[in-house]
$ cat query_0.tsv   # TSV, C-alpha atoms
chain	number	residue	atom	x	y	z
C	718	MET	CA	0.00	0.00	0.00
C	719	PRO	CA	1.48	3.39	-0.97
C	720	PRO	CA	1.98	6.00	1.75
C	721	GLN	CA	-0.97	8.26	2.55
C	722	VAL	CA	0.14	11.90	2.45
C	723	PHE	CA	-1.69	14.81	4.10
C	724	THR	CA	-0.61	18.45	4.31
C	725	LEU	CA	-1.91	19.80	7.62
C	726	SER	CA	0.09	23.00	7.91
C	727	GLN	CA	2.17	25.51	5.97
C	728	THR	CA	4.49	25.69	8.98
C	729	PRO	CA	6.62	22.92	10.54
C	730	ILE	CA	4.85	20.27	12.60
C	731	THR	CA	6.91	19.71	15.74
C	732	ALA	CA	4.80	16.91	17.24
C	733	HIS	CA	1.66	14.86	16.62
C	734	SER	CA	-0.40	12.24	18.45
C	735	PHE	CA	-3.56	10.28	17.59
C	736	ASN	CA	-6.54	9.35	19.72
C	737	ALA	CA	-7.45	5.71	20.35
C	738	ASP	CA	-9.48	5.02	17.20
C	739	ARG	CA	-7.29	7.24	14.96
C	740	SER	CA	-10.26	9.44	14.07
C	741	GLN	CA	-8.54	12.54	15.48
C	742	VAL	CA	-4.98	13.82	15.60
C	743	ALA	CA	-3.45	16.59	17.71
C	744	VAL	CA	-0.56	18.52	16.19
C	745	SER	CA	1.75	21.34	17.18
C	746	CYS	CA	2.58	23.65	14.28
C	747	SER	CA	5.50	25.62	15.75
C	748	SER	CA	3.17	27.92	17.65
C	749	HIS	CA	1.60	28.30	21.09
C	750	GLU	CA	-1.54	26.54	19.84
C	751	ALA	CA	-2.27	22.84	19.52
C	752	LYS	CA	-4.68	21.94	16.74
C	753	ILE	CA	-7.00	18.93	16.71
C	754	PHE	CA	-7.98	17.58	13.31
C	755	SER	CA	-10.83	15.12	12.72
C	756	TRP	CA	-11.04	12.65	9.85
C	757	SER	CA	-13.86	13.70	7.54
C	758	GLY	CA	-14.47	11.65	4.42
C	759	SER	CA	-11.08	11.69	2.72
C	760	GLN	CA	-9.32	14.51	4.54
C	761	TRP	CA	-8.43	15.99	7.91
C	762	THR	CA	-10.48	19.00	9.00
C	763	LEU	CA	-9.71	21.36	11.88
C	764	ASN	CA	-11.98	20.53	14.80
C	765	ALA	CA	-10.57	22.41	17.82
C	766	THR	CA	-7.70	24.64	18.90
C	767	LEU	CA	-6.06	24.47	22.33
C	768	THR	CA	-4.81	27.94	23.27
C	769	GLU	CA	-3.62	28.04	26.90
C	770	HIS	CA	0.16	28.23	26.23
C	771	ASP	CA	1.91	31.50	25.40
C	772	LYS	CA	5.11	30.05	23.89
C	773	PRO	CA	5.58	27.37	21.18
C	774	ILE	CA	4.39	23.89	22.08
C	775	THR	CA	7.26	21.40	21.91
C	776	SER	CA	5.48	18.07	22.47
C	777	ILE	CA	2.04	16.44	22.57
C	778	ASP	CA	0.80	13.07	23.77
C	779	TRP	CA	-2.76	11.70	23.65
C	780	ALA	CA	-3.70	9.02	26.21
C	781	PRO	CA	-5.84	6.46	24.34
C	782	ALA	CA	-7.80	4.99	27.26
C	783	SER	CA	-8.59	8.15	29.26
C	784	ASN	CA	-8.80	10.39	26.15
C	785	ARG	CA	-6.67	13.07	27.80
C	786	ILE	CA	-4.12	15.20	25.95
C	787	VAL	CA	-0.99	16.54	27.58
C	788	THR	CA	0.96	19.42	26.01
C	789	ALA	CA	4.39	20.77	26.95
C	790	SER	CA	5.77	24.13	25.90
C	791	GLN	CA	8.70	26.51	25.92
C	792	ASP	CA	6.70	28.61	28.40
C	793	ARG	CA	7.83	26.09	31.12
C	794	ASN	CA	4.29	24.81	31.53
C	795	ALA	CA	2.32	21.69	30.74
C	796	TYR	CA	-1.46	21.28	30.58
C	797	VAL	CA	-3.68	18.22	30.68
C	798	TRP	CA	-6.72	18.62	28.43
C	799	GLN	CA	-9.97	16.74	29.07
C	800	GLU	CA	-12.97	16.82	26.76
C	801	THR	CA	-15.99	17.99	28.80
C	802	GLN	CA	-19.44	19.37	28.12
C	803	ASP	CA	-19.86	23.13	28.20
C	804	PRO	CA	-22.60	23.83	30.84
C	805	GLU	CA	-23.88	26.82	28.85
C	806	THR	CA	-23.97	25.50	25.29
C	807	GLY	CA	-23.88	21.74	25.84
C	808	ALA	CA	-21.08	21.44	23.27
C	809	LEU	CA	-17.99	19.36	23.92
C	810	ILE	CA	-14.95	21.51	24.68
C	811	TRP	CA	-11.36	20.80	25.74
C	812	LYS	CA	-10.75	22.04	29.28
C	813	PRO	CA	-7.18	22.45	30.58
C	814	THR	CA	-5.99	21.35	34.02
C	815	LEU	CA	-2.99	22.99	35.68
C	816	VAL	CA	0.28	21.07	36.06
C	817	LEU	CA	2.78	22.17	38.73
C	818	LEU	CA	6.03	21.37	36.92
C	819	ARG	CA	8.43	23.36	39.13
C	820	ILE	CA	10.94	23.88	36.31
C	821	ASN	CA	12.64	27.15	35.31
C	822	ARG	CA	13.50	26.26	31.70
C	823	ALA	CA	11.51	25.14	28.67
C	824	ALA	CA	9.67	21.83	28.65
C	825	THR	CA	11.00	19.83	25.70
C	826	HIS	CA	9.15	16.48	25.57
C	827	VAL	CA	6.21	14.74	27.23
C	828	ARG	CA	4.85	11.18	27.37
C	829	TRP	CA	2.01	9.46	29.24
C	830	SER	CA	2.87	6.33	31.22
C	831	PRO	CA	1.32	3.03	29.97
C	832	LYS	CA	-1.38	3.09	32.70
C	833	GLU	CA	-2.03	6.80	32.05
C	834	ASP	CA	-1.86	7.69	35.74
C	835	LYS	CA	1.44	9.57	35.33
C	836	PHE	CA	3.31	11.46	32.66
C	837	ALA	CA	6.92	12.59	32.33
C	838	VAL	CA	8.03	16.02	31.13
C	839	ALA	CA	11.59	16.53	29.93
C	840	SER	CA	13.05	20.01	30.33
C	841	GLY	CA	15.97	22.33	29.84
C	842	ALA	CA	16.28	22.62	33.63
C	843	ARG	CA	18.42	19.44	33.79
C	844	ALA	CA	15.44	17.63	35.27
C	845	ILE	CA	12.49	15.40	34.40
C	846	ALA	CA	9.14	16.16	36.03
C	847	VAL	CA	7.19	12.98	36.81
C	848	CYS	CA	3.61	14.12	37.28
C	849	SER	CA	0.65	12.48	39.03
C	850	PHE	CA	-2.84	13.75	39.83
C	851	ASP	CA	-3.73	15.32	43.18
C	852	PRO	CA	-7.54	14.94	43.52
C	853	GLU	CA	-7.75	17.17	46.63
C	854	ASN	CA	-6.52	20.23	44.76
C	855	ASN	CA	-7.62	19.12	41.29
C	856	TRP	CA	-4.24	19.59	39.70
C	857	TRP	CA	-1.20	17.59	38.63
C	858	VAL	CA	1.86	17.65	40.89
C	859	SER	CA	5.42	16.68	40.01
C	860	LYS	CA	8.45	15.00	41.49
C	861	LEU	CA	11.76	15.83	39.83
C	862	LEU	CA	14.38	13.39	38.57
C	863	LYS	CA	17.64	15.39	38.69
C	864	LYS	CA	20.78	13.40	39.44
C	865	PRO	CA	23.03	12.80	37.54
C	866	ILE	CA	21.59	14.81	34.62
C	867	ARG	CA	23.98	17.59	33.57
C	868	SER	CA	22.22	19.17	30.59
C	869	THR	CA	18.90	19.57	28.76
C	870	VAL	CA	16.70	16.48	28.63
C	871	LEU	CA	15.57	16.06	25.02
C	872	CYS	CA	13.36	12.95	25.08
C	873	VAL	CA	11.69	10.43	27.40
C	874	ASP	CA	10.01	7.04	27.05
C	875	TRP	CA	8.21	4.77	29.52
C	876	HIS	CA	8.93	1.12	30.24
C	877	PRO	CA	5.87	-1.19	29.96
C	878	ASN	CA	5.94	-1.71	33.75
C	879	ASN	CA	4.83	1.93	34.29
C	880	VAL	CA	7.78	2.59	36.62
C	881	LEU	CA	11.02	2.77	34.63
C	882	LEU	CA	11.71	5.82	32.49
C	883	ALA	CA	14.32	6.25	29.74
C	884	ALA	CA	15.72	9.69	28.95
C	885	GLY	CA	18.06	11.11	26.32
C	886	THR	CA	19.99	14.26	27.13
C	887	ALA	CA	22.29	16.89	25.66
C	888	ASP	CA	25.14	15.66	27.89
C	889	MET	CA	25.49	12.78	25.39
C	890	LYS	CA	23.87	10.19	27.65
C	891	ALA	CA	20.89	7.86	27.54
C	892	ARG	CA	19.76	6.88	31.01
C	893	VAL	CA	17.17	4.63	32.62
C	894	PHE	CA	15.61	5.90	35.86
C	895	SER	CA	13.09	4.61	38.33
C	896	ALA	CA	10.04	6.91	38.40
C	897	TYR	CA	8.34	4.91	41.17
C	898	ILE	CA	5.81	6.96	43.16
C	899	LYS	CA	4.63	5.18	46.28
C	900	GLU	CA	1.18	6.77	46.29
C	901	VAL	CA	0.50	5.79	42.68
C	902	ASP	CA	2.43	2.65	41.74
C	903	ALA	CA	2.27	-0.93	42.92
C	904	LYS	CA	5.62	-2.50	43.70
C	905	PRO	CA	7.16	-3.46	40.35
C	906	ALA	CA	8.37	-6.97	39.61
C	907	PRO	CA	12.12	-7.48	39.16
C	908	SER	CA	13.35	-6.97	35.59
C	909	VAL	CA	16.63	-6.89	33.67
C	910	TRP	CA	16.97	-3.28	34.82
C	911	GLY	CA	16.94	-4.15	38.54
C	912	SER	CA	14.75	-5.17	41.45
C	913	LYS	CA	15.02	-2.38	44.06
C	914	LEU	CA	13.60	0.73	42.43
C	915	PRO	CA	13.05	3.71	44.74
C	916	PHE	CA	12.44	7.06	43.01
C	917	ASN	CA	15.46	8.46	41.11
C	918	THR	CA	17.37	5.15	41.09
C	919	LEU	CA	19.73	5.15	38.09
C	920	CYS	CA	19.26	1.74	36.47
C	921	GLY	CA	21.49	2.29	33.45
C	922	GLU	CA	23.65	4.95	31.82
C	923	TYR	CA	24.94	4.75	28.25
C	924	THR	CA	27.14	7.21	26.35
C	925	SER	CA	26.68	8.27	22.76
C	926	PRO	CA	29.82	6.78	21.10
C	927	ALA	CA	30.96	9.92	19.28
C	928	GLY	CA	29.55	12.41	21.76
C	929	GLY	CA	26.28	13.42	20.12
C	930	TRP	CA	23.16	14.71	21.79
C	931	VAL	CA	20.64	11.91	22.32
C	932	HIS	CA	17.58	13.01	20.33
C	933	ALA	CA	15.38	9.92	20.69
C	934	VAL	CA	15.07	7.01	23.10
C	935	ALA	CA	12.63	4.09	23.32
C	936	PHE	CA	12.12	0.77	25.08
C	937	SER	CA	11.30	-2.35	23.07
C	938	PRO	CA	7.77	-3.79	23.48
C	939	SER	CA	9.04	-6.18	26.20
C	940	GLY	CA	11.02	-3.41	27.91
C	941	ASP	CA	14.15	-5.58	27.92
C	942	VAL	CA	16.00	-3.61	25.21
C	943	LEU	CA	16.71	0.11	24.85
C	944	ALA	CA	17.37	1.99	21.61
C	945	PHE	CA	18.57	5.56	21.26
C	946	ALA	CA	19.54	7.83	18.35
C	947	SER	CA	22.24	10.48	18.64
C	948	HIS	CA	23.32	13.60	16.77
C	949	ASP	CA	26.51	11.81	15.72
C	950	SER	CA	24.37	10.01	13.10
C	951	SER	CA	24.29	6.79	15.08
C	952	MET	CA	21.72	4.35	16.43
C	953	THR	CA	22.53	2.39	19.58
C	954	ILE	CA	20.73	-0.73	20.82
C	955	VAL	CA	21.39	-1.74	24.43
C	956	TYR	CA	20.86	-5.16	26.02
C	957	PRO	CA	21.32	-4.48	29.76
C	958	GLY	CA	23.97	-6.69	31.30
C	959	GLY	CA	24.92	-7.83	27.81
C	960	THR	CA	25.85	-6.33	24.46
C	961	MET	CA	25.54	-2.76	23.19
C	962	TYR	CA	25.40	-2.37	19.41
C	963	ASN	CA	26.23	0.93	17.73
C	964	ILE	CA	25.18	1.49	14.13
C	965	LYS	CA	27.14	4.37	12.60
C	966	MET	CA	25.10	5.94	9.81
C	967	THR	CA	26.43	7.63	6.68
C	968	SER	CA	23.22	9.67	6.50
C	969	LEU	CA	22.18	12.78	8.39
C	970	PRO	CA	21.24	12.38	12.10
C	971	LEU	CA	18.08	10.61	13.26
C	972	VAL	CA	15.87	12.52	15.69
C	973	THR	CA	12.92	10.18	16.33
C	974	LEU	CA	12.31	6.44	16.53
C	975	THR	CA	9.74	3.80	17.46
C	976	TRP	CA	9.82	0.02	17.86
C	977	THR	CA	7.49	-1.90	15.55
C	978	SER	CA	8.32	-5.29	17.10
C	979	GLU	CA	10.92	-6.82	19.39
C	980	GLN	CA	13.23	-7.18	16.36
C	981	SER	CA	12.43	-4.05	14.34
C	982	ILE	CA	12.77	-0.27	14.66
C	983	VAL	CA	11.64	2.59	12.42
C	984	ALA	CA	13.70	5.79	12.80
C	985	ALA	CA	13.77	9.09	10.94
C	986	GLY	CA	15.25	12.55	11.06
C	987	HIS	CA	17.17	15.05	8.94
C	988	ASP	CA	17.40	12.67	5.95
C	989	CYS	CA	13.64	13.14	5.41
C	990	GLN	CA	12.84	9.43	5.15
C	991	PRO	CA	12.02	6.66	7.66
C	992	TYR	CA	14.67	3.93	7.89
C	993	VAL	CA	14.00	0.38	9.06
C	994	PHE	CA	16.43	-1.48	11.35
C	995	THR	CA	16.16	-5.14	12.25
C	996	GLY	CA	18.14	-7.43	14.51
C	997	SER	CA	18.44	-9.34	17.74
C	998	GLU	CA	21.01	-9.87	20.48
C	999	GLY	CA	23.20	-11.35	17.75
C	1000	GLY	CA	23.44	-8.08	15.80
C	1001	TRP	CA	21.56	-5.20	14.19
C	1002	GLU	CA	21.53	-3.59	10.73
C	1003	PRO	CA	19.53	-1.12	8.59
C	1004	ILE	CA	17.63	-3.06	5.92
C	1005	GLY	CA	15.86	-0.32	3.98
C	1006	THR	CA	13.56	2.66	3.94
C	1007	LEU	CA	9.79	3.02	3.89
C	1008	ASP	CA	10.19	5.75	1.24
C	1009	ASP	CA	11.07	4.62	-2.29
C	1010	THR	CA	13.54	7.27	-3.46
C	1011	SER	CA	14.38	5.67	-6.81
C	1012	VAL	CA	14.53	8.26	-9.60
C	1013	PRO	CA	11.63	8.15	-12.12
C	1014	LYS	CA	12.71	7.54	-15.75
C	1015	SER	CA	11.43	10.95	-16.81
C	1016	ALA	CA	13.11	12.81	-13.97
C	1017	SER	CA	16.72	12.70	-15.11
C	1018	ALA	CA	17.27	16.21	-13.82
C	1019	ARG	CA	16.14	15.26	-10.31
C	1020	PRO	CA	18.84	14.98	-7.62
C	1021	SER	CA	20.27	11.52	-7.02
C	1022	VAL	CA	20.83	12.01	-3.30
C	1023	PRO	CA	18.12	13.25	-0.89
C	1024	GLY	CA	18.81	16.84	0.07
C	1025	LYS	CA	21.38	17.50	-2.67
C	1026	LEU	CA	21.34	18.86	-6.22
C	1027	ASN	CA	23.13	16.77	-8.80
C	1028	LYS	CA	26.15	18.26	-10.50
C	1029	SER	CA	24.51	19.05	-13.84
C	1030	ALA	CA	21.50	20.66	-12.18
C	1031	ALA	CA	23.69	22.84	-9.99
C	1032	PHE	CA	25.82	23.86	-13.02
C	1033	ALA	CA	22.70	24.71	-15.04
C	1034	THR	CA	21.43	26.89	-12.20
C	1035	PHE	CA	24.61	28.97	-12.00
C	1036	GLN	CA	24.91	29.10	-15.82
C	1037	SER	CA	21.37	30.48	-16.03
C	1038	ALA	CA	22.14	33.06	-13.37
C	1039	ASP	CA	25.30	34.12	-15.22
C	1040	SER	CA	23.93	34.29	-18.77
C	1041	ARG	CA	20.39	35.49	-18.12
C	1042	GLY	CA	20.78	37.29	-14.84
C	1043	GLN	CA	18.09	35.15	-13.24
C	1044	SER	CA	17.81	32.23	-10.90
C	1045	SER	CA	15.80	29.18	-11.86
C	1046	ILE	CA	15.89	27.61	-8.42
C	1047	ALA	CA	12.52	28.92	-7.27
C	1048	ALA	CA	10.69	27.75	-10.36
C	1049	SER	CA	12.66	24.57	-10.94
C	1050	SER	CA	11.86	21.10	-9.70
C	1051	ASP	CA	15.60	20.54	-9.17
C	1052	THR	CA	15.25	21.58	-5.53
C	1053	LYS	CA	12.53	19.02	-4.88
C	1054	LEU	CA	13.79	16.09	-2.85
C	1055	LEU	CA	13.22	12.54	-3.97
C	1056	THR	CA	11.69	11.78	-0.59
C	1057	ILE	CA	7.99	12.37	0.13
C	1058	HIS	CA	8.84	14.51	3.14
C	1059	GLN	CA	10.53	17.67	1.91
C	1060	ASN	CA	12.11	18.56	5.23
C	1061	THR	CA	13.20	17.01	8.52
C	1062	ILE	CA	10.94	14.34	10.01
C	1063	THR	CA	10.28	15.49	13.56
C	1064	SER	CA	8.15	12.65	14.92
C	1065	VAL	CA	7.35	9.01	14.17
C	1066	ARG	CA	4.54	7.24	16.03
C	1067	PRO	CA	2.86	3.79	15.87
C	1068	TYR	CA	-0.45	3.93	14.00
C	1069	GLU	CA	-1.83	0.43	13.51
C	1070	GLU	CA	-1.01	-2.86	15.25
C	1071	GLN	CA	-1.87	-6.47	14.46
C	1072	GLY	CA	-0.88	-9.43	16.62
C	1073	GLY	CA	1.55	-7.38	18.71
C	1074	VAL	CA	3.37	-6.05	15.63
C	1075	VAL	CA	3.05	-2.46	14.41
C	1076	THR	CA	1.97	-2.64	10.76
C	1077	LYS	CA	1.65	1.11	10.11
C	1078	VAL	CA	3.46	4.16	11.45
C	1079	THR	CA	2.90	7.87	11.00
C	1080	THR	CA	5.46	10.63	10.55
C	1081	SER	CA	5.17	14.40	10.74
C	1082	GLY	CA	7.78	16.85	9.57
C	1083	ALA	CA	9.02	20.38	9.18
C	1084	ASP	CA	7.31	20.44	5.77
C	1085	GLY	CA	3.87	20.45	7.45
C	1086	ARG	CA	3.02	16.96	6.20
C	1087	LEU	CA	1.55	13.97	8.01
C	1088	ILE	CA	2.22	10.62	6.32
C	1089	ILE	CA	0.94	7.11	7.09
C	1090	TRP	CA	3.40	4.34	6.12
C	1091	ASP	CA	2.98	0.59	5.75
C	1092	THR	CA	5.89	-0.99	7.65
C	1093	ASN	CA	5.90	-3.99	5.30
C	1094	GLU	CA	6.61	-1.80	2.25
C	1095	ILE	CA	10.38	-1.61	2.60
C	1096	SER	CA	12.59	-0.38	-0.25
C	1097	ALA	CA	16.16	-1.66	-0.37
C	1098	LEU	CA	18.97	0.79	0.22
C	1099	ALA	CA	20.91	1.78	-2.89
C	1100	THR	CA	24.17	2.20	-0.99
C	1101	LYS	CA	25.64	0.95	2.24
C	1102	LEU	CA	24.07	3.11	4.93
C	1103	ALA	CA	25.90	2.16	8.10
C	1104	THR	CA	28.63	0.23	9.87
C	1105	LEU	CA	28.07	-1.85	13.02
C	1106	SER	CA	30.30	-1.81	16.08
C	1107	VAL	CA	29.92	-3.66	19.38
$ encode --input "query_0.tsv" --output "C-alpha cells"
Amino acid sequence: MPPQVFTLSQTPITAHSFNADRSQVAVSCSSHEAKIFSWSGSQWTLNATLTEHDKPITSIDWAPASNRIVTASQDRNAYVWQETQDPETGALIWKPTLVLLRINRAATHVRWSPKEDKFAVASGARAIAVCSFDPENNWWVSKLLKKPIRSTVLCVDWHPNNVLLAAGTADMKARVFSAYIKEVDAKPAPSVWGSKLPFNTLCGEYTSPAGGWVHAVAFSPSGDVLAFASHDSSMTIVYPGGTMYNIKMTSLPLVTLTWTSEQSIVAAGHDCQPYVFTGSEGGWEPIGTLDDTSVPKSASARPSVPGKLNKSAAFATFQSADSRGQSSIAASSDTKLLTIHQNTITSVRPYEEQGGVVTKVTTSGADGRLIIWDTNEISALATKLATLSV
C-alpha cells in the first residue's frame, strides 16, 4: 500500500499524536496553539484549537484509554486537556488542568505512562518532572528526577511496567531511571533493569559513542532492550547486562524512533525518510527505507541524493544566473527532494497494530506533512548506509 500523504500545515509540525481510534490527531505547528484535526471523508479538517500556552508547544501526547491530551511548551508549563461538556452551550470543549512542573526552563518532551496515571516532562532545567494527579486540589503535581543529569533532557520514554523511564539528554547520555511513586504505583516486579527501584534510582547509563546529543530514546515492546539515536548520526541498541550495538550511519542524524516489534525499529530525522532497522542480540543492521527514493525515468534532472542537487543541475542553475541574470531555483523542480517529506521528520509514532506487531506508522515533519506508512513496504537501500560496532 502506498503512503498516505496529508498536508496539515504551511508551517513545521513539531509533534503529533492520535486518539485511540485514529479518528482525530493533535498537532503542534511551531506555535503556542495545539490543533486537533478530525477525519472527515477523505481529509483531515480542523476541529478544535487548544490555546492556553503563550510560547511554542514542543510536544504532545494523547492518552488512548482516558482520552486526555498533555501538552508541553517553551513557556515552562504543561497542561492536561480533558474533553468535557460546556454547561452553557452543551457542546464538547477541551478544558485544561494545571500542572505544577516546578521547572525554570523550557519543557521539551512529554509522554504518558502506559497506565495513564502519570506522565513525564523533559526540560531544559536538567530535570524530568514525573507528574501524578492530586484529587484534593484538582491539579497535577510533580516530582523531579535530577541526578546525575547535567544538561537539557531532550526525550523520554516509559517502560511497559509503568515505573522505569528512559531519557536522552544533551550531555550525550541515555539513562534509565526509576520513576516509582509510592502513592501511585504498585511495587514493580524485578526486571533486567533491577529489582530495588526507589524514586530516582539510576538503572542504566549509556554514552553516545561519538559524543552526540541523544535526540530519541525508546524501550522495546518487552522493555528488555533500549534503543537511542544520537546527533553523531548513530543508532545504539542496548541489552542491559549484555551487548551494546552501535550502528554508525552515513546519512544525516536521526531525531525520532519507534519500535514496531521486538526485532524491528523505524527511525527518521534530517534525511527526510524513515529507515528500518532489524536485529536481535546477535546483531543489528539497517535493511531499507519506507520511502522509495528511486529516480523516475522521466526525472533525469532530479537529484540523485536526498537533500542535494546533482552536479549538472547545480551547473545549469549557475549558468542560467550568469547568462540570463536570473535564478531558476525557485521555479525549478531541481530543488525538490526525492523523498515524500521535503524537510526534517520530527516525529514518528505507531499507527496500527496487528498481533503485537506495528503494521503502520505515522510521521510528521518540518514540511507540514503527516504521512501514514505501511511498515511492510520496505525499499532496499541503494548504498551501504551504516557500519556496526559492538
$ residues_around --input "query_0.tsv" --residues "Ser757 in chain C" --least-positions-apart "4" --cutoff "10 Å" --atoms "all atoms listed in the file" --output "compact mmCIF listing (two decimals) with C-alpha atoms, keeping the file's coordinate frame"
# COMPACT_ATOMS: atom_id res chain seq x y z
CA SER C 740 -10.26 9.44 14.07
CA GLN C 741 -8.54 12.54 15.48
CA TRP C 761 -8.43 15.99 7.91
CA THR C 762 -10.48 19.00 9.00
CA LEU C 763 -9.71 21.36 11.88
$ closest_residue --input "query_0.tsv" --among "C:Ala842, C:Leu1087, C:Ala887, C:Val972" --to "His987 in chain C" --atoms "only C-alpha atoms"
C:Val972
$ atom_distance --input "query_0.tsv" --atom1 "CA of Thr768 in chain C" --atom2 "CA of Thr1079 in chain C"
24.8 Å
$ residues_around --input "query_0.tsv" --residues "Ala1083 in chain C" --least-positions-apart "5" --cutoff "8 Å" --atoms "only C-alpha atoms" --output "number ranges by chain"
C: 728-731, 1059-1063
$ closest_residue --input "query_0.tsv" --among "C:Ser790, C:Thr995, C:Gln1071, C:Thr814" --to "Asp771 in chain C" --atoms "all atoms listed in the file"
C:Ser790
$ closest_residue --input "query_0.tsv" --among "C:Thr1006, C:Ser1106, C:Thr806, C:Asn736" --to "Phe754 in chain C" --atoms "all atoms listed in the file"
C:Asn736
$ atom_distance --input "query_0.tsv" --atom1 "CA of Trp1001 in chain C" --atom2 "CA of Ile954 in chain C"
8.0 Å
$ residues_near_point --input "query_0.tsv" --point "(12.6, 0.4, 40.2)" --cutoff "9 Å" --atoms "only C-alpha atoms" --output "ChimeraX atom specification"
/C:880-881,894-897,904-908,910-920
$ closest_residue --input "query_0.tsv" --among "C:Thr924, C:Thr973, C:Ser981, C:Asn878" --to "Ser1081 in chain C" --atoms "all atoms listed in the file"
C:Thr973
$ closest_residue --input "query_0.tsv" --among "C:Ala751, C:Val1065, C:Val744, C:Ala935" --to "Gly986 in chain C" --atoms "only C-alpha atoms"
C:Val1065
$ residues_around --input "query_0.tsv" --residues "range 974-976 of chain C" --least-positions-apart "5" --cutoff "7 Å" --atoms "all atoms listed in the file" --output "JSON, numbers by chain"
{"C": [933, 935, 937, 981, 982, 983, 984, 985, 1065, 1066]}
$ atom_distance --input "query_0.tsv" --atom1 "CA of Val901 in chain C" --atom2 "CA of Ile820 in chain C"
21.8 Å
$ closest_residue --input "query_0.tsv" --among "C:Thr1010, C:Ser868, C:Ser925, C:Thr766" --to "Cys989 in chain C" --atoms "only C-alpha atoms"
C:Thr1010
$ axis_aligned_box --input "query_0.tsv" --around "range 866-872 of chain C" --padding-each-side "8 Å" --output "lines of an AutoDock Vina configuration file"
center_x = 18.7
center_y = 16.3
center_z = 29.8
size_x = 26.6
size_y = 22.6
size_z = 25.6
$ residues_around --input "query_0.tsv" --residues "Val827 in chain C" --least-positions-apart "3" --cutoff "10 Å" --atoms "only C-alpha atoms" --output "mmCIF file with C-alpha atoms, in the frame of the given file"
data_model
loop_
_atom_site.group_PDB
_atom_site.id
_atom_site.type_symbol
_atom_site.label_atom_id
_atom_site.label_comp_id
_atom_site.auth_asym_id
_atom_site.auth_seq_id
_atom_site.Cartn_x
_atom_site.Cartn_y
_atom_site.Cartn_z
ATOM 1 C CA THR C 775 7.260 21.400 21.910
ATOM 2 C CA SER C 776 5.480 18.070 22.470
ATOM 3 C CA ILE C 777 2.040 16.440 22.570
ATOM 4 C CA ASP C 778 0.800 13.070 23.770
ATOM 5 C CA VAL C 787 -0.990 16.540 27.580
ATOM 6 C CA THR C 788 0.960 19.420 26.010
ATOM 7 C CA ALA C 789 4.390 20.770 26.950
ATOM 8 C CA SER C 790 5.770 24.130 25.900
ATOM 9 C CA ALA C 795 2.320 21.690 30.740
ATOM 10 C CA ALA C 824 9.670 21.830 28.650
ATOM 11 C CA SER C 830 2.870 6.330 31.220
ATOM 12 C CA PHE C 836 3.310 11.460 32.660
ATOM 13 C CA ALA C 837 6.920 12.590 32.330
ATOM 14 C CA VAL C 838 8.030 16.020 31.130
ATOM 15 C CA ALA C 839 11.590 16.530 29.930
ATOM 16 C CA SER C 840 13.050 20.010 30.330
ATOM 17 C CA ILE C 845 12.490 15.400 34.400
ATOM 18 C CA ALA C 846 9.140 16.160 36.030
ATOM 19 C CA VAL C 847 7.190 12.980 36.810
ATOM 20 C CA LEU C 871 15.570 16.060 25.020
ATOM 21 C CA CYS C 872 13.360 12.950 25.080
ATOM 22 C CA VAL C 873 11.690 10.430 27.400
ATOM 23 C CA ASP C 874 10.010 7.040 27.050
#
$ residues_near_point --input "query_0.tsv" --point "(0.9, 7.6, 9.2)" --cutoff "8 Å" --atoms "all atoms listed in the file" --output "count of residues only"
13
$ residues_around --input "query_0.tsv" --residues "Phe850 in chain C" --least-positions-apart "2" --cutoff "10 Å" --atoms "only C-alpha atoms" --output "list in words"
Val816, Asp834, Lys835, Phe836, Cys848, Pro852, Glu853, Asn854, Asn855, Trp856, Trp857, Val858, Ser859 and Val901 of chain C
$ decode --input "query_0.tsv" --residues "range 951-984 of chain C" --atoms "C-alpha atoms" --output "tab-separated table (two decimals), in the first residue's frame"
chain	number	residue	atom	x	y	z
C	951	SER	CA	24.29	6.79	15.08
C	952	MET	CA	21.72	4.35	16.43
C	953	THR	CA	22.53	2.39	19.58
C	954	ILE	CA	20.73	-0.73	20.82
C	955	VAL	CA	21.39	-1.74	24.43
C	956	TYR	CA	20.86	-5.16	26.02
C	957	PRO	CA	21.32	-4.48	29.76
C	958	GLY	CA	23.97	-6.69	31.30
C	959	GLY	CA	24.92	-7.83	27.81
C	960	THR	CA	25.85	-6.33	24.46
C	961	MET	CA	25.54	-2.76	23.19
C	962	TYR	CA	25.40	-2.37	19.41
C	963	ASN	CA	26.23	0.93	17.73
C	964	ILE	CA	25.18	1.49	14.13
C	965	LYS	CA	27.14	4.37	12.60
C	966	MET	CA	25.10	5.94	9.81
C	967	THR	CA	26.43	7.63	6.68
C	968	SER	CA	23.22	9.67	6.50
C	969	LEU	CA	22.18	12.78	8.39
C	970	PRO	CA	21.24	12.38	12.10
C	971	LEU	CA	18.08	10.61	13.26
C	972	VAL	CA	15.87	12.52	15.69
C	973	THR	CA	12.92	10.18	16.33
C	974	LEU	CA	12.31	6.44	16.53
C	975	THR	CA	9.74	3.80	17.46
C	976	TRP	CA	9.82	0.02	17.86
C	977	THR	CA	7.49	-1.90	15.55
C	978	SER	CA	8.32	-5.29	17.10
C	979	GLU	CA	10.92	-6.82	19.39
C	980	GLN	CA	13.23	-7.18	16.36
C	981	SER	CA	12.43	-4.05	14.34
C	982	ILE	CA	12.77	-0.27	14.66
C	983	VAL	CA	11.64	2.59	12.42
C	984	ALA	CA	13.70	5.79	12.80
